[in-house]
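Visitor: Below are the structure tokens for one structure; questions will follow.
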2 protein chains.
Amino acid sequence: MTTSVNGVTLHRLDLSEEGRGTLTAVEVDRHIPFPVRRMFMVYGVPAGEVRGAHAHHRCRQFLVCARGSVTLVLDDGTSREEIVLDRPDIGVYMPPMIWGEQHKYSADALLLVFASEHYDANDYIRDHAEFVSAVRR
Amino acid sequence: MTTSVNGVTLHRLDLSEEGRGTLTAVEVDRHIPFPVRRMFMVYGVPAGEVRGAHAHHRCRQFLVCARGSVTLVLDDGTSREEIVLDRPDIGVYMPPMIWGEQHKYSADALLLVFASEHYDANDYIRDHAEFVSAVRR
């Protein structure tokens with residue numbers, strides 16, 4: 001499913017629920033369109049806190065809210081969209097050069113992020129004006 | 001860190017805790033010794049339920065308990081060890097041909113499993129006696 005933000009897409013993951021618990025699965029190539037080199041999870045975020053607030057030159061990401069809820073703000077320099085992630089079987093693909101923020105973490109929220117690159121401090125654009133001018137170049 | 005079970009190793013993940021929440025990261029090559037092709041998460045497992053109870057011919061796995069706690073039983077056909085996973089910055093590597101069970105899921109437990117292969121029903125050995133004889137062949 002596409003969004004109004006350039007290249008950002010939503011993906012329904014596999015979910016199998018039975019008496020013995022629930023299993024949610026995501027596969028590289030089938031859901032995640034890049035080789036995964038890093039996964040991180042974010043949790044224990046105080047109410048009112050905003051995380052993210054950067055773009056990546058190169059890194060592609062795929063976000064899943066495994067528990068609780070979080071609001072993503074995604075911005076391609078022209079269009080801006082909010083996506084409420086509140087179920088574990090939805091994934092959001094973010095190509096490079098998309099500004100991302102995460103707002104309104106619920107107390108129990110656990111956000112998983114799959115990334116196409118190892119951590120690289122030089123890949124971050126942390127200034128929104130700089131991001132917008134980089135996008136327009 | 002090694003265990004008494006053949007090829008099973010424990011890995012300390014990156015954890016960064018600050019006022020804005022906690023971030024735990026795991027990297028392919030640095031922590032996970034295989035390309036990740038699938039990730040699944042298991043949660044909502046009723047108390048007393050046992051999950052897993054199989055081995056894989058080929059699939060390698062890396063397990064992280066992102067929330068709550070779960071007890072892994074790992075078995076190479078000769079040695080059997082229990083590992084209590086109760087913190088999100090520990091990962092357990094399981095090579096192929098290791099029998100794995102998960103016991104004692106806490107009510108809030110969320111187990112993440114990174115796998116080297118897409119789902120393949122033919123890769124499972126679901127009978128313990130068959131597993132033991134396959135290991136000894």
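Every chain in the structure tokens has a letter given in the order shown (A, B, ...), and although residue numbers restart at 1 in each chain, ligands are simply numbered from 1 in the order shown.
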Please, which residues of chain A lie no more than 8 Å from chain B when the count uses only C-alpha atoms, and can they be set out as a list in words?

Guide: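 Residues of chain A within 8 Å of chain B, counting only C-alpha atoms: Gly19, Arg20, Gly21, Thr22, Leu23, Thr24, Ala25, Val26, Glu27, Val28, Asp29, Pro35, Val36, Arg37, Arg38, Met39, Phe40, Met41, Val42, Tyr43, Gly44, Val45, Pro46, Glu49, Arg51 and His118 of chain A.
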
Visitor: Hand me chain A as it sits after a least-squares fit onto chain B over every Cα, paired in order, written as a tab-separated table (two decimals) with N, CA and C atoms, in the first residue's frame.

Guide:
```
chain	number	residue	atom	x	y	z
A	1	MET	N	30.13	-15.93	24.27
A	1	MET	CA	30.18	-16.87	25.38
A	1	MET	C	29.62	-18.22	24.92
A	2	THR	N	30.34	-19.27	25.18
A	2	THR	CA	29.89	-20.58	24.74
A	2	THR	C	28.98	-21.22	25.79
A	3	THR	N	28.33	-22.30	25.42
A	3	THR	CA	27.48	-23.06	26.34
A	3	THR	C	27.93	-24.52	26.26
A	4	SER	N	27.24	-25.37	27.00
A	4	SER	CA	27.58	-26.80	26.95
A	4	SER	C	26.95	-27.48	25.73
A	5	VAL	N	26.13	-26.72	24.99
A	5	VAL	CA	25.44	-27.29	23.83
A	5	VAL	C	26.23	-26.91	22.57
A	6	ASN	N	26.54	-27.91	21.79
A	6	ASN	CA	27.42	-27.79	20.64
A	6	ASN	C	27.08	-26.62	19.70
A	7	GLY	N	27.92	-25.61	19.67
A	7	GLY	CA	27.76	-24.51	18.72
A	7	GLY	C	26.83	-23.40	19.18
A	8	VAL	N	26.13	-23.59	20.30
A	8	VAL	CA	25.23	-22.54	20.81
A	8	VAL	C	26.06	-21.51	21.57
A	9	THR	N	25.89	-20.24	21.22
A	9	THR	CA	26.67	-19.18	21.86
A	9	THR	C	25.75	-18.03	22.30
A	10	LEU	N	26.19	-17.33	23.35
A	10	LEU	CA	25.45	-16.16	23.85
A	10	LEU	C	26.19	-14.89	23.45
A	11	HIS	N	25.44	-13.86	23.12
A	11	HIS	CA	26.02	-12.62	22.62
A	11	HIS	C	25.42	-11.42	23.33
A	12	ARG	N	26.28	-10.51	23.78
A	12	ARG	CA	25.82	-9.27	24.40
A	12	ARG	C	25.55	-8.25	23.28
A	13	LEU	N	24.34	-7.73	23.24
A	13	LEU	CA	23.97	-6.76	22.20
A	13	LEU	C	24.29	-5.35	22.68
A	14	ASP	N	24.19	-4.38	21.77
A	14	ASP	CA	24.40	-2.98	22.14
A	14	ASP	C	23.16	-2.47	22.86
A	15	LEU	N	23.36	-1.74	23.94
A	15	LEU	CA	22.23	-1.15	24.64
A	15	LEU	C	22.59	0.28	25.01
A	16	SER	N	21.73	1.21	24.62
A	16	SER	CA	21.99	2.59	25.01
A	16	SER	C	20.73	3.14	25.67
A	17	GLU	N	20.90	3.52	26.92
A	17	GLU	CA	19.77	3.93	27.75
A	17	GLU	C	19.96	5.40	28.09
A	18	GLU	N	18.94	6.18	27.83
A	18	GLU	CA	19.04	7.59	28.17
A	18	GLU	C	17.64	8.06	28.58
A	19	GLY	N	17.53	9.32	28.90
A	19	GLY	CA	16.25	9.85	29.36
A	19	GLY	C	15.15	9.71	28.32
A	20	ARG	N	15.54	9.59	27.06
A	20	ARG	CA	14.56	9.55	25.98
A	20	ARG	C	14.13	8.13	25.62
A	21	GLY	N	14.52	7.15	26.44
A	21	GLY	CA	14.15	5.77	26.16
A	21	GLY	C	15.39	4.92	25.95
A	22	THR	N	15.16	3.65	25.64
A	22	THR	CA	16.26	2.70	25.49
A	22	THR	C	16.30	2.18	24.06
A	23	LEU	N	17.51	2.03	23.54
A	23	LEU	CA	17.71	1.47	22.20
A	23	LEU	C	18.64	0.27	22.33
A	24	THR	N	18.18	-0.87	21.83
A	24	THR	CA	19.01	-2.09	21.81
A	24	THR	C	19.21	-2.47	20.35
A	25	ALA	N	20.46	-2.73	19.98
A	25	ALA	CA	20.75	-3.00	18.57
A	25	ALA	C	21.52	-4.30	18.39
A	26	VAL	N	21.24	-4.94	17.26
A	26	VAL	CA	21.94	-6.17	16.90
A	26	VAL	C	22.33	-6.06	15.43
A	27	GLU	N	23.56	-6.42	15.11
A	27	GLU	CA	24.03	-6.29	13.73
A	27	GLU	C	24.40	-7.65	13.15
A	28	VAL	N	24.06	-7.80	11.87
A	28	VAL	CA	24.47	-8.99	11.13
A	28	VAL	C	25.99	-8.92	10.96
A	29	ASP	N	26.62	-10.06	11.11
A	29	ASP	CA	28.08	-10.23	11.06
A	29	ASP	C	28.70	-9.93	12.43
A	30	ARG	N	28.32	-8.82	13.06
A	30	ARG	CA	28.93	-8.50	14.34
A	30	ARG	C	28.35	-9.35	15.47
A	31	HIS	N	27.01	-9.53	15.48
A	31	HIS	CA	26.38	-10.39	16.48
A	31	HIS	C	25.77	-11.64	15.83
A	32	ILE	N	25.04	-11.43	14.74
A	32	ILE	CA	24.33	-12.55	14.10
A	32	ILE	C	25.22	-13.09	12.97
A	33	PRO	N	25.63	-14.35	13.07
A	33	PRO	CA	26.62	-14.87	12.12
A	33	PRO	C	26.02	-15.45	10.84
A	34	PHE	N	24.96	-14.85	10.33
A	34	PHE	CA	24.38	-15.32	9.05
A	34	PHE	C	23.53	-14.20	8.47
A	35	PRO	N	23.29	-14.21	7.16
A	35	PRO	CA	22.37	-13.24	6.57
A	35	PRO	C	20.94	-13.55	7.03
A	36	VAL	N	20.23	-12.54	7.49
A	36	VAL	CA	18.87	-12.74	8.00
A	36	VAL	C	17.88	-12.70	6.84
A	37	ARG	N	17.09	-13.76	6.71
A	37	ARG	CA	16.09	-13.79	5.64
A	37	ARG	C	14.67	-13.75	6.19
A	38	ARG	N	14.54	-13.95	7.49
A	38	ARG	CA	13.21	-13.97	8.10
A	38	ARG	C	13.34	-13.58	9.56
A	39	MET	N	12.37	-12.85	10.08
A	39	MET	CA	12.32	-12.56	11.51
A	39	MET	C	10.90	-12.85	11.94
A	40	PHE	N	10.75	-13.54	13.06
A	40	PHE	CA	9.40	-13.69	13.59
A	40	PHE	C	9.40	-13.39	15.07
A	41	MET	N	8.22	-13.01	15.55
A	41	MET	CA	8.11	-12.74	16.98
A	41	MET	C	6.95	-13.56	17.52
A	42	VAL	N	7.13	-14.02	18.76
A	42	VAL	CA	6.15	-14.88	19.42
A	42	VAL	C	5.75	-14.19	20.72
A	43	TYR	N	4.44	-14.11	20.97
A	43	TYR	CA	3.95	-13.41	22.16
A	43	TYR	C	2.55	-13.92	22.48
A	44	GLY	N	2.05	-13.53	23.63
A	44	GLY	CA	0.70	-13.98	24.03
A	44	GLY	C	0.65	-15.47	24.28
A	45	VAL	N	1.76	-16.04	24.73
A	45	VAL	CA	1.80	-17.48	24.96
A	45	VAL	C	1.27	-17.77	26.37
A	46	PRO	N	0.24	-18.60	26.48
A	46	PRO	CA	-0.35	-18.89	27.80
A	46	PRO	C	0.67	-19.55	28.72
A	47	ALA	N	0.54	-19.26	30.02
A	47	ALA	CA	1.42	-19.88	31.03
A	47	ALA	C	1.33	-21.40	30.90
A	48	GLY	N	2.45	-22.06	31.01
A	48	GLY	CA	2.46	-23.53	30.97
A	48	GLY	C	2.62	-24.09	29.57
A	49	GLU	N	2.46	-23.23	28.57
A	49	GLU	CA	2.57	-23.70	27.18
A	49	GLU	C	4.04	-23.88	26.80
A	50	VAL	N	4.32	-24.89	26.01
A	50	VAL	CA	5.68	-25.11	25.48
A	50	VAL	C	5.64	-24.88	23.98
A	51	ARG	N	6.57	-24.06	23.50
A	51	ARG	CA	6.66	-23.84	22.05
A	51	ARG	C	8.00	-24.34	21.53
A	52	GLY	N	8.12	-24.36	20.22
A	52	GLY	CA	9.34	-24.88	19.61
A	52	GLY	C	9.21	-26.39	19.51
A	53	ALA	N	10.06	-27.12	20.23
A	53	ALA	CA	10.06	-28.58	20.20
A	53	ALA	C	10.30	-29.08	18.79
A	54	HIS	N	11.37	-28.58	18.21
A	54	HIS	CA	11.82	-29.07	16.90
A	54	HIS	C	13.28	-28.67	16.69
A	55	ALA	N	13.87	-29.26	15.67
A	55	ALA	CA	15.19	-28.84	15.22
A	55	ALA	C	15.07	-28.49	13.74
A	56	HIS	N	16.09	-27.83	13.21
A	56	HIS	CA	16.13	-27.52	11.78
A	56	HIS	C	17.31	-28.22	11.12
A	57	HIS	N	17.07	-28.74	9.95
A	57	HIS	CA	18.16	-29.32	9.16
A	57	HIS	C	19.18	-28.25	8.77
A	58	ARG	N	18.69	-27.09	8.38
A	58	ARG	CA	19.53	-26.13	7.70
A	58	ARG	C	19.47	-24.73	8.33
A	59	CYS	N	18.30	-24.37	8.88
A	59	CYS	CA	18.07	-22.99	9.32
A	59	CYS	C	18.88	-22.69	10.58
A	60	ARG	N	19.57	-21.55	10.56
A	60	ARG	CA	20.27	-21.03	11.73
A	60	ARG	C	19.38	-19.96	12.35
A	61	GLN	N	19.42	-19.83	13.67
A	61	GLN	CA	18.54	-18.87	14.34
A	61	GLN	C	19.30	-18.08	15.40
A	62	PHE	N	18.75	-16.91	15.70
A	62	PHE	CA	19.33	-16.04	16.73
A	62	PHE	C	18.15	-15.48	17.51
A	63	LEU	N	18.09	-15.77	18.81
A	63	LEU	CA	16.91	-15.46	19.63
A	63	LEU	C	17.19	-14.33	20.61
A	64	VAL	N	16.24	-13.43	20.70
A	64	VAL	CA	16.34	-12.31	21.64
A	64	VAL	C	14.99	-12.18	22.34
A	65	CYS	N	15.00	-12.13	23.66
A	65	CYS	CA	13.75	-11.90	24.40
A	65	CYS	C	13.63	-10.39	24.62
A	66	ALA	N	12.82	-9.74	23.79
A	66	ALA	CA	12.73	-8.28	23.78
A	66	ALA	C	12.01	-7.76	25.01
A	67	ARG	N	11.09	-8.55	25.54
A	67	ARG	CA	10.35	-8.12	26.74
A	67	ARG	C	9.95	-9.35	27.55
A	68	GLY	N	9.89	-9.19	28.86
A	68	GLY	CA	9.49	-10.30	29.71
A	68	GLY	C	10.58	-11.35	29.77
A	69	SER	N	10.19	-12.59	29.98
A	69	SER	CA	11.19	-13.65	30.09
A	69	SER	C	10.66	-14.95	29.52
A	70	VAL	N	11.59	-15.79	29.09
A	70	VAL	CA	11.26	-17.10	28.55
A	70	VAL	C	12.46	-18.00	28.84
A	71	THR	N	12.20	-19.27	29.04
A	71	THR	CA	13.28	-20.24	29.29
A	71	THR	C	13.48	-21.08	28.04
A	72	LEU	N	14.71	-21.06	27.52
A	72	LEU	CA	15.04	-21.89	26.36
A	72	LEU	C	15.60	-23.22	26.85
A	73	VAL	N	15.18	-24.29	26.23
A	73	VAL	CA	15.84	-25.59	26.42
A	73	VAL	C	16.51	-25.92	25.10
A	74	LEU	N	17.83	-26.14	25.16
A	74	LEU	CA	18.61	-26.39	23.95
A	74	LEU	C	19.34	-27.71	24.12
A	75	ASP	N	19.40	-28.46	23.04
A	75	ASP	CA	19.80	-29.86	23.15
A	75	ASP	C	20.49	-30.24	21.84
A	76	ASP	N	21.73	-30.74	21.94
A	76	ASP	CA	22.45	-31.15	20.73
A	76	ASP	C	22.41	-32.66	20.51
A	77	GLY	N	21.56	-33.35	21.26
A	77	GLY	CA	21.45	-34.81	21.15
A	77	GLY	C	22.27	-35.51	22.23
A	78	THR	N	23.19	-34.76	22.84
A	78	THR	CA	24.03	-35.32	23.92
A	78	THR	C	23.91	-34.43	25.16
A	79	SER	N	24.17	-33.11	24.99
A	79	SER	CA	24.07	-32.15	26.08
A	79	SER	C	22.76	-31.38	25.98
A	80	ARG	N	22.21	-31.06	27.14
A	80	ARG	CA	20.96	-30.30	27.20
A	80	ARG	C	21.18	-29.17	28.20
A	81	GLU	N	20.80	-27.95	27.83
A	81	GLU	CA	21.01	-26.82	28.74
A	81	GLU	C	19.77	-25.93	28.74
A	82	GLU	N	19.47	-25.38	29.90
A	82	GLU	CA	18.40	-24.38	30.01
A	82	GLU	C	19.01	-22.99	30.08
A	83	ILE	N	18.46	-22.07	29.35
A	83	ILE	CA	18.92	-20.68	29.40
A	83	ILE	C	17.71	-19.80	29.66
A	84	VAL	N	17.75	-19.03	30.74
A	84	VAL	CA	16.66	-18.08	31.02
A	84	VAL	C	17.00	-16.77	30.30
A	85	LEU	N	16.15	-16.39	29.38
A	85	LEU	CA	16.32	-15.12	28.68
A	85	LEU	C	15.38	-14.11	29.33
A	86	ASP	N	15.95	-13.11	30.01
A	86	ASP	CA	15.09	-12.16	30.71
A	86	ASP	C	15.61	-10.73	30.57
A	87	ARG	N	16.42	-10.49	29.54
A	87	ARG	CA	16.86	-9.12	29.27
A	87	ARG	C	17.05	-8.96	27.77
A	88	PRO	N	16.76	-7.76	27.25
A	88	PRO	CA	16.71	-7.59	25.79
A	88	PRO	C	18.07	-7.43	25.12
A	89	ASP	N	19.14	-7.40	25.91
A	89	ASP	CA	20.45	-7.19	25.30
A	89	ASP	C	21.29	-8.47	25.26
A	90	ILE	N	20.61	-9.62	25.31
A	90	ILE	CA	21.31	-10.90	25.14
A	90	ILE	C	20.69	-11.63	23.95
A	91	GLY	N	21.55	-12.17	23.09
A	91	GLY	CA	21.09	-12.98	21.96
A	91	GLY	C	21.69	-14.36	22.04
A	92	VAL	N	20.92	-15.34	21.60
A	92	VAL	CA	21.39	-16.73	21.62
A	92	VAL	C	21.45	-17.24	20.19
A	93	TYR	N	22.64	-17.67	19.78
A	93	TYR	CA	22.80	-18.24	18.44
A	93	TYR	C	22.60	-19.75	18.51
A	94	MET	N	21.73	-20.25	17.63
A	94	MET	CA	21.49	-21.70	17.50
A	94	MET	C	21.87	-22.15	16.10
A	95	PRO	N	22.89	-22.96	15.97
A	95	PRO	CA	23.21	-23.52	14.66
A	95	PRO	C	22.14	-24.53	14.24
A	96	PRO	N	22.20	-25.05	13.03
A	96	PRO	CA	21.25	-26.10	12.63
A	96	PRO	C	21.46	-27.34	13.49
A	97	MET	N	20.48	-28.21	13.49
A	97	MET	CA	20.56	-29.50	14.19
A	97	MET	C	20.75	-29.35	15.70
A	98	ILE	N	20.07	-28.35	16.25
A	98	ILE	CA	19.94	-28.21	17.70
A	98	ILE	C	18.45	-28.26	18.01
A	99	TRP	N	18.07	-29.11	18.93
A	99	TRP	CA	16.68	-29.19	19.37
A	99	TRP	C	16.39	-28.01	20.30
A	100	GLY	N	15.31	-27.28	20.02
A	100	GLY	CA	14.98	-26.13	20.85
A	100	GLY	C	13.55	-26.16	21.33
A	101	GLU	N	13.38	-25.83	22.60
A	101	GLU	CA	12.03	-25.67	23.17
A	101	GLU	C	12.01	-24.36	23.93
A	102	GLN	N	10.84	-23.74	24.01
A	102	GLN	CA	10.68	-22.54	24.83
A	102	GLN	C	9.59	-22.79	25.86
A	103	HIS	N	9.99	-22.61	27.12
A	103	HIS	CA	9.10	-22.84	28.26
A	103	HIS	C	8.91	-21.54	29.03
A	104	LYS	N	7.92	-21.52	29.91
A	104	LYS	CA	7.76	-20.47	30.92
A	104	LYS	C	7.79	-19.06	30.34
A	105	TYR	N	7.04	-18.85	29.28
A	105	TYR	CA	6.84	-17.49	28.79
A	105	TYR	C	6.16	-16.68	29.89
A	106	SER	N	6.70	-15.53	30.24
A	106	SER	CA	5.96	-14.64	31.13
A	106	SER	C	4.80	-14.04	30.34
A	107	ALA	N	3.81	-13.49	31.06
A	107	ALA	CA	2.60	-12.99	30.38
A	107	ALA	C	2.95	-11.91	29.36
A	108	ASP	N	3.98	-11.11	29.65
A	108	ASP	CA	4.34	-10.00	28.77
A	108	ASP	C	5.46	-10.36	27.78
A	109	ALA	N	5.87	-11.62	27.76
A	109	ALA	CA	7.06	-11.98	26.97
A	109	ALA	C	6.86	-11.74	25.48
A	110	LEU	N	7.95	-11.30	24.84
A	110	LEU	CA	7.99	-11.12	23.39
A	110	LEU	C	9.33	-11.67	22.94
A	111	LEU	N	9.29	-12.80	22.25
A	111	LEU	CA	10.52	-13.43	21.78
A	111	LEU	C	10.72	-13.11	20.30
A	112	LEU	N	11.89	-12.58	19.96
A	112	LEU	CA	12.25	-12.31	18.56
A	112	LEU	C	13.18	-13.42	18.09
A	113	VAL	N	12.92	-13.90	16.89
A	113	VAL	CA	13.79	-14.92	16.30
A	113	VAL	C	14.21	-14.47	14.90
A	114	PHE	N	15.52	-14.38	14.71
A	114	PHE	CA	16.09	-14.07	13.40
A	114	PHE	C	16.50	-15.40	12.78
A	115	ALA	N	16.14	-15.60	11.52
A	115	ALA	CA	16.40	-16.89	10.89
A	115	ALA	C	17.14	-16.71	9.57
A	116	SER	N	17.96	-17.69	9.25
A	116	SER	CA	18.79	-17.60	8.03
A	116	SER	C	18.03	-17.99	6.77
A	117	GLU	N	16.80	-18.50	6.92
A	117	GLU	CA	16.05	-19.01	5.77
A	117	GLU	C	14.61	-18.51	5.83
A	118	HIS	N	14.00	-18.44	4.66
A	118	HIS	CA	12.56	-18.25	4.62
A	118	HIS	C	11.88	-19.49	5.22
A	119	TYR	N	10.61	-19.36	5.51
A	119	TYR	CA	9.88	-20.51	6.08
A	119	TYR	C	9.89	-21.68	5.10
A	120	ASP	N	10.19	-22.88	5.63
A	120	ASP	CA	10.20	-24.08	4.81
A	120	ASP	C	9.80	-25.25	5.70
A	121	ALA	N	8.58	-25.73	5.51
A	121	ALA	CA	8.03	-26.81	6.37
A	121	ALA	C	8.93	-28.05	6.34
A	122	ASN	N	9.64	-28.27	5.24
A	122	ASN	CA	10.49	-29.47	5.12
A	122	ASN	C	11.78	-29.39	5.92
A	123	ASP	N	12.07	-28.21	6.47
A	123	ASP	CA	13.33	-28.05	7.21
A	123	ASP	C	13.19	-28.46	8.68
A	124	TYR	N	11.97	-28.79	9.11
A	124	TYR	CA	11.72	-29.08	10.53
A	124	TYR	C	11.87	-30.57	10.84
A	125	ILE	N	12.49	-30.87	11.98
A	125	ILE	CA	12.44	-32.22	12.55
A	125	ILE	C	11.64	-32.10	13.84
A	126	ARG	N	10.46	-32.71	13.86
A	126	ARG	CA	9.55	-32.50	14.98
A	126	ARG	C	9.52	-33.67	15.97
A	127	ASP	N	10.27	-34.71	15.65
A	127	ASP	CA	10.30	-35.88	16.53
A	127	ASP	C	11.68	-35.97	17.18
A	128	HIS	N	11.70	-36.01	18.52
A	128	HIS	CA	13.00	-35.94	19.22
A	128	HIS	C	13.86	-37.17	18.95
A	129	ALA	N	13.25	-38.34	18.89
A	129	ALA	CA	14.02	-39.58	18.64
A	129	ALA	C	14.63	-39.53	17.24
A	130	GLU	N	13.86	-39.02	16.31
A	130	GLU	CA	14.36	-38.88	14.94
A	130	GLU	C	15.52	-37.89	14.90
A	131	PHE	N	15.38	-36.79	15.66
A	131	PHE	CA	16.46	-35.80	15.76
A	131	PHE	C	17.74	-36.44	16.29
A	132	VAL	N	17.61	-37.20	17.38
A	132	VAL	CA	18.80	-37.81	17.99
A	132	VAL	C	19.45	-38.78	17.01
A	133	SER	N	18.66	-39.56	16.30
A	133	SER	CA	19.31	-40.50	15.38
A	133	SER	C	19.90	-39.76	14.18
A	134	ALA	N	19.28	-38.67	13.76
A	134	ALA	CA	19.86	-37.87	12.66
A	134	ALA	C	21.20	-37.25	13.08
A	135	VAL	N	21.26	-36.75	14.32
A	135	VAL	CA	22.50	-36.14	14.84
A	135	VAL	C	23.63	-37.19	14.87
A	136	ARG	N	23.27	-38.41	15.26
A	136	ARG	CA	24.31	-39.43	15.44
A	136	ARG	C	24.74	-40.07	14.12
A	137	ARG	N	23.98	-39.83	13.07
A	137	ARG	CA	24.38	-40.39	11.76
A	137	ARG	C	25.60	-39.65	11.22
```

Visitor: Just list the residues in chain A DSSP gives strand (DSSP E) on the backbone, as a PyMOL selection string.

Guide: chain A and resi 9-12+14-18+21-27+38-43+51-56+61-67+70-75+80-85+90-94+99-103+110-115+124-125
